[in-house]
$ cat data03.json   # JSON, C-alpha atoms
[["chain", "number", "residue", "atom", "x", "y", "z"],
["A", 13, "MET", "CA", 50.46, 88.51, 62.17],
["A", 14, "SER", "CA", 52.42, 91.71, 62.62],
["A", 15, "GLN", "CA", 55.51, 91.55, 64.78],
["A", 16, "GLN", "CA", 55.13, 95.20, 65.83],
["A", 17, "HIS", "CA", 54.59, 95.52, 69.58],
["A", 18, "GLY", "CA", 51.43, 97.30, 70.64],
["A", 19, "ALA", "CA", 50.62, 99.15, 73.83],
["A", 20, "ILE", "CA", 49.45, 96.06, 75.72],
["A", 21, "GLU", "CA", 52.62, 94.16, 74.76],
["A", 22, "ARG", "CA", 54.71, 97.07, 76.00],
["A", 23, "LEU", "CA", 52.80, 97.09, 79.28],
["A", 24, "ASP", "CA", 53.28, 93.31, 79.50],
["A", 25, "ALA", "CA", 57.05, 93.84, 79.31],
["A", 26, "ARG", "CA", 56.72, 96.12, 82.35],
["A", 27, "HIS", "CA", 54.17, 93.98, 84.22],
["A", 28, "LYS", "CA", 54.79, 90.32, 83.39],
["A", 29, "GLY", "CA", 51.53, 88.47, 82.87],
["A", 30, "LEU", "CA", 49.41, 91.54, 82.19],
["A", 31, "ARG", "CA", 48.64, 90.38, 78.65],
["A", 32, "LEU", "CA", 47.67, 86.90, 79.86],
["A", 33, "ASP", "CA", 45.22, 88.53, 82.29],
["A", 34, "VAL", "CA", 43.77, 90.59, 79.44],
["A", 35, "ASP", "CA", 43.48, 87.49, 77.22],
["A", 36, "LEU", "CA", 41.76, 85.54, 79.99],
["A", 37, "ILE", "CA", 39.15, 88.27, 80.41],
["A", 38, "PHE", "CA", 38.47, 88.22, 76.67],
["A", 39, "ASP", "CA", 38.33, 84.39, 76.76],
["A", 40, "ALA", "CA", 35.56, 84.74, 79.33],
["A", 41, "GLU", "CA", 33.81, 87.19, 76.99],
["A", 42, "GLY", "CA", 34.61, 90.14, 79.22],
["A", 43, "THR", "CA", 34.15, 93.64, 77.84],
["A", 44, "LEU", "CA", 36.74, 96.30, 77.07],
["A", 45, "ALA", "CA", 35.59, 98.09, 80.22],
["A", 46, "ASP", "CA", 36.19, 94.92, 82.28],
["A", 47, "VAL", "CA", 39.76, 94.83, 80.99],
["A", 48, "GLN", "CA", 40.23, 98.54, 81.68],
["A", 49, "ALA", "CA", 39.00, 98.09, 85.27],
["A", 50, "MET", "CA", 41.27, 95.08, 85.82],
["A", 51, "LEU", "CA", 44.33, 96.96, 84.49],
["A", 52, "LEU", "CA", 43.69, 99.86, 86.80],
["A", 53, "GLU", "CA", 42.97, 97.72, 89.85],
["A", 54, "ARG", "CA", 45.67, 95.10, 89.46],
["A", 55, "TYR", "CA", 48.44, 96.98, 87.65],
["A", 56, "LYS", "CA", 47.59, 100.62, 88.45],
["A", 57, "GLU", "CA", 47.64, 101.37, 84.71],
["A", 58, "GLN", "CA", 45.12, 103.74, 83.16],
["A", 59, "VAL", "CA", 44.66, 102.43, 79.61],
["A", 60, "PRO", "CA", 42.23, 104.04, 77.14],
["A", 61, "ILE", "CA", 39.36, 101.86, 75.91],
["A", 62, "SER", "CA", 40.51, 102.49, 72.31],
["A", 63, "THR", "CA", 43.93, 100.96, 73.06],
["A", 64, "ILE", "CA", 42.31, 97.88, 74.59],
["A", 65, "GLY", "CA", 39.94, 97.64, 71.62],
["A", 66, "SER", "CA", 42.85, 97.88, 69.22],
["A", 67, "TYR", "CA", 44.69, 95.08, 71.06],
["A", 68, "LYS", "CA", 41.61, 92.88, 70.90],
["A", 69, "GLU", "CA", 41.11, 93.50, 67.20],
["A", 70, "ARG", "CA", 44.73, 93.31, 66.06],
["A", 71, "ARG", "CA", 46.29, 90.80, 68.45],
["A", 72, "TYR", "CA", 43.88, 88.80, 70.59],
["A", 73, "THR", "CA", 41.24, 87.85, 67.99],
["A", 74, "PRO", "CA", 43.64, 86.93, 65.14],
["A", 75, "GLN", "CA", 45.72, 84.82, 67.53],
["A", 76, "VAL", "CA", 42.71, 82.93, 68.90],
["A", 77, "GLU", "CA", 41.34, 82.46, 65.38],
["A", 78, "GLN", "CA", 44.70, 81.19, 64.17],
["A", 79, "VAL", "CA", 44.76, 78.51, 66.88],
["A", 80, "GLN", "CA", 41.16, 77.49, 66.17],
["A", 81, "LYS", "CA", 41.77, 77.46, 62.41],
["A", 82, "GLU", "CA", 44.80, 75.20, 62.73],
["A", 83, "ARG", "CA", 42.99, 72.79, 65.03],
["A", 84, "THR", "CA", 40.00, 72.66, 62.68],
["A", 85, "ARG", "CA", 42.25, 72.19, 59.64],
["A", 86, "ALA", "CA", 44.17, 69.40, 61.38],
["A", 87, "LYS", "CA", 40.90, 67.63, 62.14],
["A", 88, "ALA", "CA", 39.68, 68.02, 58.55],
["A", 89, "LEU", "CA", 42.99, 66.80, 57.14],
["A", 90, "LYS", "CA", 42.97, 63.79, 59.45],
["A", 91, "GLU", "CA", 39.56, 62.80, 58.04],
["A", 92, "GLN", "CA", 40.72, 63.47, 54.48],
["A", 93, "LEU", "CA", 44.05, 61.63, 54.74],
["A", 94, "ALA", "CA", 42.78, 58.25, 55.78],
["A", 95, "ASP", "CA", 39.00, 58.29, 55.61],
["A", 96, "GLY", "CA", 38.85, 58.92, 59.34],
["A", 97, "GLY", "CA", 41.03, 55.91, 60.08],
["A", 98, "LEU", "CA", 43.69, 57.90, 61.92],
["A", 99, "ASP", "CA", 43.74, 58.44, 65.67],
["A", 100, "ASP", "CA", 43.89, 61.60, 67.77],
["A", 101, "ILE", "CA", 47.68, 61.46, 67.95],
["A", 102, "ALA", "CA", 47.76, 61.65, 64.15],
["A", 103, "GLU", "CA", 45.59, 64.76, 64.36],
["A", 104, "ALA", "CA", 47.98, 66.24, 66.93],
["A", 105, "ASN", "CA", 50.91, 65.54, 64.61],
["A", 106, "ILE", "CA", 49.12, 67.18, 61.68],
["A", 107, "ALA", "CA", 48.41, 70.26, 63.82],
["A", 108, "GLU", "CA", 52.09, 70.38, 64.73],
["A", 109, "GLN", "CA", 53.10, 70.15, 61.06],
["A", 110, "LEU", "CA", 50.67, 72.93, 60.13],
["A", 111, "MET", "CA", 52.12, 75.18, 62.82],
["A", 112, "GLU", "CA", 55.65, 74.29, 61.79],
["A", 113, "SER", "CA", 54.87, 75.20, 58.17],
["A", 114, "ARG", "CA", 53.30, 78.50, 59.22],
["A", 115, "GLN", "CA", 56.26, 79.42, 61.40],
["A", 116, "ALA", "CA", 58.64, 78.53, 58.57],
["A", 117, "GLY", "CA", 56.53, 80.67, 56.21],
["A", 118, "GLU", "CA", 55.62, 77.67, 54.06],
["A", 119, "ARG", "CA", 52.34, 76.33, 52.87],
["A", 120, "ALA", "CA", 51.71, 72.83, 54.20],
["A", 121, "SER", "CA", 51.45, 70.39, 51.33],
["A", 122, "LEU", "CA", 48.80, 67.72, 51.50],
["A", 123, "GLN", "CA", 51.19, 65.29, 49.82],
["A", 124, "VAL", "CA", 53.90, 65.96, 52.40],
["A", 125, "LEU", "CA", 51.43, 65.53, 55.26],
["A", 126, "LEU", "CA", 50.19, 62.28, 53.72],
["A", 127, "ARG", "CA", 53.74, 60.95, 53.24],
["A", 128, "GLU", "CA", 54.74, 61.85, 56.80],
["A", 129, "GLN", "CA", 51.60, 60.27, 58.17],
["A", 130, "ARG", "CA", 52.31, 57.05, 56.25],
["A", 131, "GLU", "CA", 55.87, 57.06, 57.54],
["A", 132, "ARG", "CA", 54.61, 57.42, 61.11],
["A", 133, "SER", "CA", 52.15, 54.55, 60.60],
["A", 134, "ARG", "CA", 54.94, 52.36, 59.18],
["A", 135, "LEU", "CA", 57.18, 53.11, 62.17],
["A", 136, "GLN", "CA", 54.30, 52.29, 64.50],
["A", 137, "LEU", "CA", 53.83, 48.93, 62.75],
["A", 138, "ASP", "CA", 57.56, 48.18, 63.05],
["A", 139, "ARG", "CA", 57.44, 49.05, 66.73],
["A", 140, "ASP", "CA", 54.41, 46.80, 67.29],
["A", 141, "ARG", "CA", 56.14, 43.93, 65.47],
["A", 142, "LEU", "CA", 59.29, 44.33, 67.56],
["A", 143, "LYS", "CA", 57.22, 44.38, 70.71],
["A", 144, "ALA", "CA", 55.49, 41.13, 69.67],
["A", 145, "ASP", "CA", 58.90, 39.53, 68.96],
["A", 146, "LEU", "CA", 60.13, 40.58, 72.37],
["A", 147, "VAL", "CA", 57.13, 39.01, 74.08],
["A", 148, "ARG", "CA", 57.62, 35.77, 72.08],
["A", 149, "ILE", "CA", 61.33, 35.58, 73.01],
["A", 150, "GLU", "CA", 60.54, 36.24, 76.67],
["A", 151, "ASN", "CA", 57.96, 33.42, 76.65],
["A", 152, "GLU", "CA", 60.37, 31.00, 74.96],
["A", 153, "SER", "CA", 63.03, 31.90, 77.49],
["A", 154, "LYS", "CA", 60.59, 31.19, 80.33],
["A", 155, "ASP", "CA", 59.69, 27.81, 78.76],
["A", 156, "LEU", "CA", 63.36, 26.85, 78.51],
["A", 157, "ALA", "CA", 63.99, 27.87, 82.11],
["A", 158, "ALA", "CA", 61.04, 25.74, 83.23],
["A", 159, "LYS", "CA", 62.32, 22.73, 81.24],
["A", 160, "LEU", "CA", 65.81, 23.13, 82.72],
["A", 161, "GLU", "CA", 64.36, 23.25, 86.21],
["A", 162, "GLY", "CA", 62.41, 20.05, 85.48],
["A", 163, "LEU", "CA", 65.58, 18.29, 84.31],
["A", 164, "LYS", "CA", 67.47, 19.38, 87.43],
["A", 165, "SER", "CA", 64.68, 18.07, 89.65],
["A", 166, "ALA", "CA", 64.62, 14.72, 87.80],
["A", 167, "ARG", "CA", 68.38, 14.35, 88.20],
["A", 168, "GLN", "CA", 68.18, 15.18, 91.89],
["A", 169, "ARG", "CA", 65.45, 12.56, 92.36],
["A", 170, "GLU", "CA", 67.57, 9.93, 90.58],
["A", 171, "ARG", "CA", 70.54, 10.73, 92.81],
["A", 172, "GLU", "CA", 68.42, 10.38, 95.93],
["A", 173, "GLN", "CA", 67.01, 7.07, 94.70],
["A", 174, "VAL", "CA", 70.51, 5.68, 94.06],
["A", 175, "LYS", "CA", 71.76, 6.88, 97.46],
["A", 176, "ALA", "CA", 68.72, 5.39, 99.18],
["A", 177, "ALA", "CA", 69.31, 2.08, 97.39],
["A", 178, "VAL", "CA", 72.97, 2.05, 98.40],
["A", 179, "ALA", "CA", 72.14, 2.94, 102.00],
["A", 180, "GLY", "CA", 70.19, -0.32, 102.16],
["A", 181, "ILE", "CA", 73.34, -2.53, 101.68],
["A", 182, "GLU", "CA", 74.12, -4.94, 104.55],
["A", 183, "PRO", "CA", 76.68, -3.88, 107.28],
["A", 184, "GLY", "CA", 79.11, -6.63, 106.25],
["A", 185, "GLU", "CA", 79.44, -5.01, 102.85],
["A", 186, "THR", "CA", 80.74, -1.65, 104.25],
["A", 187, "THR", "CA", 83.89, -1.45, 102.09],
["A", 188, "GLY", "CA", 81.98, -1.98, 98.89],
["A", 189, "LYS", "CA", 79.31, 0.53, 99.98],
["A", 190, "ASP", "CA", 81.89, 3.30, 100.65],
["A", 191, "GLU", "CA", 83.52, 2.76, 97.31],
["A", 192, "LEU", "CA", 80.20, 2.81, 95.56],
["A", 193, "LEU", "CA", 79.19, 6.05, 97.34],
["A", 194, "LYS", "CA", 82.47, 7.69, 96.36],
["A", 195, "HIS", "CA", 81.98, 6.57, 92.80],
["A", 196, "ILE", "CA", 78.48, 8.06, 92.74],
["A", 197, "ASP", "CA", 79.78, 11.32, 94.20],
["A", 198, "GLU", "CA", 82.44, 11.51, 91.52],
["A", 199, "ILE", "CA", 79.86, 10.98, 88.82],
["A", 200, "TYR", "CA", 77.49, 13.60, 90.26],
["A", 201, "GLY", "CA", 80.19, 16.14, 91.11],
["A", 202, "VAL", "CA", 80.07, 15.89, 94.89],
["A", 203, "TYR", "CA", 83.51, 14.41, 95.04],
["A", 204, "GLN", "CA", 85.28, 15.12, 98.33],
["A", 205, "GLU", "CA", 88.94, 16.00, 98.16],
["A", 206, "ALA", "CA", 91.26, 13.28, 99.39],
["A", 207, "ASP", "CA", 93.27, 13.71, 102.56],
["A", 208, "PRO", "CA", 96.77, 14.91, 101.39],
["A", 209, "ALA", "CA", 98.34, 12.41, 103.76],
["A", 210, "SER", "CA", 96.76, 9.60, 101.81],
["A", 211, "LEU", "CA", 98.24, 10.81, 98.50],
["A", 212, "PRO", "CA", 101.51, 9.42, 97.04],
["A", 213, "SER", "CA", 104.53, 11.55, 98.03],
["A", 214, "ASP", "CA", 105.04, 12.96, 94.47],
["A", 215, "LEU", "CA", 101.45, 14.36, 94.43],
["A", 216, "ARG", "CA", 101.51, 16.07, 97.84],
["A", 217, "GLY", "CA", 101.62, 19.90, 97.78],
["B", 17, "MET", "CA", 38.71, 91.95, 99.93],
["B", 18, "GLU", "CA", 42.13, 91.20, 98.42],
["B", 19, "THR", "CA", 43.70, 87.96, 99.64],
["B", 20, "SER", "CA", 47.34, 88.24, 100.67],
["B", 21, "VAL", "CA", 49.52, 86.00, 98.51],
["B", 22, "PRO", "CA", 53.31, 85.75, 98.40],
["B", 23, "VAL", "CA", 54.87, 87.76, 95.57],
["B", 24, "PRO", "CA", 56.48, 85.34, 93.06],
["B", 25, "SER", "CA", 59.98, 85.92, 91.72],
["B", 26, "PRO", "CA", 60.24, 87.15, 88.09],
["B", 27, "GLU", "CA", 61.22, 83.62, 87.03],
["B", 28, "GLN", "CA", 58.28, 82.06, 88.86],
["B", 29, "ARG", "CA", 55.99, 84.66, 87.31],
["B", 30, "THR", "CA", 57.27, 83.84, 83.81],
["B", 31, "HIS", "CA", 56.74, 80.14, 84.47],
["B", 32, "GLU", "CA", 53.22, 80.82, 85.67],
["B", 33, "ILE", "CA", 52.44, 82.83, 82.53],
["B", 34, "GLU", "CA", 53.86, 80.07, 80.32],
["B", 35, "ARG", "CA", 51.66, 77.51, 82.09],
["B", 36, "GLY", "CA", 48.68, 79.83, 81.63],
["B", 37, "TYR", "CA", 49.24, 80.01, 77.88],
["B", 38, "ILE", "CA", 49.77, 76.24, 77.70],
["B", 39, "LEU", "CA", 46.45, 75.63, 79.47],
["B", 40, "ARG", "CA", 44.65, 78.12, 77.23],
["B", 41, "TYR", "CA", 45.92, 76.34, 74.12],
["B", 42, "LEU", "CA", 45.00, 72.91, 75.49],
["B", 43, "ALA", "CA", 41.52, 74.19, 76.29],
["B", 44, "VAL", "CA", 41.07, 75.25, 72.66],
["B", 45, "ALA", "CA", 42.17, 71.75, 71.59],
["B", 46, "GLY", "CA", 39.39, 70.37, 73.81],
["B", 47, "PHE", "CA", 40.18, 67.03, 75.36],
["B", 48, "LYS", "CA", 42.32, 66.03, 72.40],
["B", 49, "PRO", "CA", 46.06, 65.43, 72.56],
["B", 50, "VAL", "CA", 48.55, 68.10, 71.54],
["B", 51, "THR", "CA", 52.23, 67.49, 70.83],
["B", 52, "PRO", "CA", 54.86, 69.29, 72.96],
["B", 53, "LYS", "CA", 56.31, 70.86, 69.82],
["B", 54, "THR", "CA", 52.95, 72.47, 69.05],
["B", 55, "LEU", "CA", 53.00, 74.06, 72.51],
["B", 56, "LEU", "CA", 56.53, 75.33, 71.90],
["B", 57, "TYR", "CA", 55.35, 76.99, 68.68],
["B", 58, "HIS", "CA", 52.35, 78.45, 70.48],
["B", 59, "LEU", "CA", 54.51, 79.90, 73.26],
["B", 60, "ARG", "CA", 56.67, 81.46, 70.60],
["B", 61, "ASP", "CA", 53.53, 82.92, 68.96],
["B", 62, "VAL", "CA", 52.45, 84.57, 72.22],
["B", 63, "ARG", "CA", 56.03, 85.83, 72.76],
["B", 64, "TYR", "CA", 56.82, 83.64, 75.72],
["B", 65, "PRO", "CA", 59.23, 81.24, 74.01],
["B", 66, "CYS", "CA", 60.74, 78.53, 76.17],
["B", 67, "THR", "CA", 63.02, 75.55, 75.75],
["B", 68, "ALA", "CA", 61.89, 71.95, 75.37],
["B", 69, "ALA", "CA", 63.36, 71.21, 78.81],
["B", 70, "THR", "CA", 61.37, 74.03, 80.45],
["B", 71, "LEU", "CA", 58.24, 72.85, 78.68],
["B", 72, "ALA", "CA", 58.81, 69.29, 79.91],
["B", 73, "PHE", "CA", 59.18, 70.68, 83.45],
["B", 74, "HIS", "CA", 55.89, 72.61, 83.10],
["B", 75, "LEU", "CA", 54.05, 69.59, 81.74],
["B", 76, "LYS", "CA", 55.25, 67.33, 84.55],
["B", 77, "TYR", "CA", 54.35, 69.99, 87.13],
["B", 78, "MET", "CA", 50.90, 70.35, 85.59],
["B", 79, "GLN", "CA", 50.50, 66.58, 85.55],
["B", 80, "GLU", "CA", 51.34, 66.47, 89.27],
["B", 81, "LYS", "CA", 48.62, 69.08, 89.78],
["B", 82, "SER", "CA", 46.23, 66.89, 87.72],
["B", 83, "TRP", "CA", 45.65, 69.72, 85.23],
["B", 84, "VAL", "CA", 46.90, 67.69, 82.27],
["B", 85, "ASP", "CA", 47.35, 64.07, 81.19],
["B", 86, "LEU", "CA", 50.61, 63.05, 79.56],
["B", 87, "GLU", "CA", 51.28, 60.23, 77.15],
["B", 88, "TYR", "CA", 54.85, 59.06, 76.75],
["B", 89, "LYS", "CA", 56.68, 57.63, 73.75],
["B", 90, "GLU", "CA", 57.74, 54.02, 74.11],
["B", 91, "VAL", "CA", 61.45, 53.86, 74.81],
["B", 92, "GLU", "CA", 64.00, 51.12, 75.36],
["B", 93, "VAL", "CA", 64.85, 50.21, 78.93],
["B", 94, "GLY", "CA", 67.20, 52.76, 80.50],
["B", 95, "GLU", "CA", 66.22, 55.56, 78.11],
["B", 96, "THR", "CA", 64.52, 58.73, 79.37],
["B", 97, "PRO", "CA", 60.80, 58.69, 78.57],
["B", 98, "GLU", "CA", 59.85, 61.39, 76.08],
["B", 99, "ILE", "CA", 56.43, 63.06, 76.15],
["B", 100, "LEU", "CA", 54.39, 62.12, 73.09],
["B", 101, "SER", "CA", 51.30, 64.21, 73.77],
["B", 102, "VAL", "CA", 49.43, 66.19, 76.39],
["B", 103, "LYS", "CA", 45.78, 66.96, 76.94],
["B", 104, "ILE", "CA", 43.86, 69.05, 79.42],
["B", 105, "THR", "CA", 41.84, 67.42, 82.20],
["B", 106, "ALA", "CA", 38.56, 68.52, 83.73],
["B", 107, "ALA", "CA", 40.56, 69.90, 86.68],
["B", 108, "GLY", "CA", 42.64, 71.94, 84.23],
["B", 109, "VAL", "CA", 39.53, 73.39, 82.61],
["B", 110, "ASP", "CA", 38.09, 74.22, 86.04],
["B", 111, "LEU", "CA", 41.28, 76.02, 87.02],
["B", 112, "LEU", "CA", 41.27, 78.03, 83.82],
["B", 113, "ASP", "CA", 37.62, 78.97, 84.35],
["B", 114, "ARG", "CA", 38.29, 80.08, 87.93],
["B", 115, "ARG", "CA", 41.17, 82.21, 86.75],
["B", 116, "ARG", "CA", 39.08, 83.64, 83.91],
["B", 117, "ALA", "CA", 36.42, 84.54, 86.45],
["B", 118, "GLY", "CA", 39.09, 86.58, 88.22],
["B", 119, "GLN", "CA", 39.11, 84.57, 91.44],
["B", 120, "PRO", "CA", 41.93, 85.79, 93.68],
["B", 121, "GLY", "CA", 44.72, 83.45, 94.67],
["B", 122, "VAL", "CA", 44.26, 81.18, 91.66],
["B", 123, "SER", "CA", 47.60, 80.68, 89.98],
["B", 124, "PHE", "CA", 48.91, 78.35, 87.32]]

$ encode --input "data03.json" --output "structure tokens"
Amino acid sequence: MSQQHGAIERLDARHKGLRLDVDLIFDAEGTLADVQAMLLERYKEQVPISTIGSYKERRYTPQVEQVQKERTRAKALKEQLADGGLDDIAEANIAEQLMESRQAGERASLQVLLREQRERSRLQLDRDRLKADLVRIENESKDLAAKLEGLKSARQREREQVKAAVAGIEPGETTGKDELLKHIDEIYGVYQEADPASLPSDLRG
Amino acid sequence: METSVPVPSPEQRTHEIERGYILRYLAVAGFKPVTPKTLLYHLRDVRYPCTAATLAFHLKYMQEKSWVDLEYKEVEVGETPEILSVKITAAGVDLLDRRRAGQPGVSF
């Protein structure tokens, strides 16, 4: 496509969006006269029909055809590359590569497209595998947490059973009961600090 | 009768034109996904080049308006989601058709 700016492009530089309005009228299969009327009404520009016709022929139509051609080619290549086994995202990537090649002035190679598509598929597989690993690790972690919780509950129950058993000792056996309770607390980590006054003089703070 | 609408700033006008060209391209693609890079190339083709950040802004704006659907790339936690593809919605096609029909007050 020529890079030379035509009359409509020059007008677009003066009235931003004028060209888009022209393109939209052509998209809707409007006539050259429709465009001329719109330009006069909306932008107060009197543009000859021949200028509008030249824009349509040299700019609008080739640009629309280019877009359609690339989309069609991307679709055809997608079918060709993997017997139709690729998804729409693959087609979108192929279209992007075609455009990239055109803008770089290169011809898109089928081999390059195929290699890139394989690379993308491989990365997708790796990503899926990592995701599956993550789910597995999360599940294992949940299982471990549940087991730990079960162990804690069992230990708590045992402690309560022992305390309940000790609480049933006769009143005459008070001294023995207190010592036993203290011993249990020490074992289970509920040891209460001793009164400093009761400690030997060399251990007092 | 012409409907009175606020006059957009030159920047707003440029953004509106860029969104118009994005919608036109997506309409040609039908309801199939298009990569953001393809849209950047297209905007360059129609001589309204913009940055990837501006394009991302447009696409999110258009998603808020329900004109397009976005698909994001999967990212690690804490990373910024990147747009994988975009496709036009029925509402987007309707908007484009209303604008093509020259309805006043319809803007992108």

$ interface_residues --input "data03.json" --of "chain A" --to "chain B" --cutoff "7 Å" --atoms "all atoms listed in the file" --output "JSON, numbers by chain"
{"A": [28, 29, 32, 36, 37, 40, 80, 83, 100, 101, 104, 105, 108, 111]}

$ atom_distance --input "data03.json" --atom1 "CA of Ala45 (chain A)" --atom2 "CA of Ile64 (chain A)"
8.8 Å

$ residues_near_point --input "data03.json" --point "(62.5, 69.0, 79.6)" --cutoff "12 Å" --atoms "all atoms listed in the file" --output "JSON, numbers by chain"
{"B": [52, 53, 56, 66, 67, 68, 69, 70, 71, 72, 73, 74, 75, 76, 77, 96, 97, 98, 99]}

$ atom_distance --input "data03.json" --atom1 "CA of Glu69 (chain A)" --atom2 "CA of Leu42 (chain B)"
22.5 Å

$ atom_distance --input "data03.json" --atom1 "CA of Gln136 (chain A)" --atom2 "CA of Glu103 (chain A)"
15.2 Å

$ build_atoms --input "data03.json" --residues "region 42-61 of chain B" --atoms "N, CA and C atoms" --output "CSV table (one decimal), in the coordinates of the input"
chain,number,residue,atom,x,y,z
B,42,LEU,N,45.6,74.3,75.3
B,42,LEU,CA,45.0,72.9,75.5
B,42,LEU,C,43.5,73.0,75.6
B,43,ALA,N,43.0,74.1,76.2
B,43,ALA,CA,41.5,74.2,76.3
B,43,ALA,C,40.9,74.4,74.9
B,44,VAL,N,41.6,75.1,74.0
B,44,VAL,CA,41.1,75.2,72.7
B,44,VAL,C,41.1,73.9,71.9
B,45,ALA,N,42.1,73.1,72.2
B,45,ALA,CA,42.2,71.8,71.6
B,45,ALA,C,41.1,70.8,72.2
B,46,GLY,N,40.4,71.2,73.2
B,46,GLY,CA,39.4,70.4,73.8
B,46,GLY,C,40.1,69.3,74.6
B,47,PHE,N,39.5,68.1,74.6
B,47,PHE,CA,40.2,67.0,75.4
B,47,PHE,C,41.0,66.1,74.4
B,48,LYS,N,41.5,66.8,73.4
B,48,LYS,CA,42.3,66.0,72.4
B,48,LYS,C,43.8,66.3,72.7
B,49,PRO,N,44.6,65.3,72.3
B,49,PRO,CA,46.1,65.4,72.6
B,49,PRO,C,46.7,66.5,71.7
B,50,VAL,N,47.8,67.1,72.2
B,50,VAL,CA,48.6,68.1,71.5
B,50,VAL,C,50.0,67.7,71.7
B,51,THR,N,50.8,67.9,70.7
B,51,THR,CA,52.2,67.5,70.8
B,51,THR,C,53.0,68.6,71.6
B,52,PRO,N,54.1,68.3,72.3
B,52,PRO,CA,54.9,69.3,73.0
B,52,PRO,C,55.4,70.3,72.0
B,53,LYS,N,55.8,69.9,70.8
B,53,LYS,CA,56.3,70.9,69.8
B,53,LYS,C,55.3,71.9,69.4
B,54,THR,N,54.0,71.5,69.3
B,54,THR,CA,53.0,72.5,69.0
B,54,THR,C,52.9,73.5,70.1
B,55,LEU,N,53.0,73.1,71.4
B,55,LEU,CA,53.0,74.1,72.5
B,55,LEU,C,54.2,75.0,72.4
B,56,LEU,N,55.3,74.5,72.0
B,56,LEU,CA,56.5,75.3,71.9
B,56,LEU,C,56.3,76.4,70.8
B,57,TYR,N,55.7,76.0,69.7
B,57,TYR,CA,55.4,77.0,68.7
B,57,TYR,C,54.3,78.0,69.2
B,58,HIS,N,53.4,77.5,70.0
B,58,HIS,CA,52.4,78.4,70.5
B,58,HIS,C,53.0,79.5,71.4
B,59,LEU,N,53.8,79.0,72.3
B,59,LEU,CA,54.5,79.9,73.3
B,59,LEU,C,55.3,80.9,72.5
B,60,ARG,N,55.9,80.5,71.4
B,60,ARG,CA,56.7,81.5,70.6
B,60,ARG,C,55.7,82.5,70.0
B,61,ASP,N,54.5,82.0,69.5
B,61,ASP,CA,53.5,82.9,69.0
B,61,ASP,C,53.1,84.0,70.0
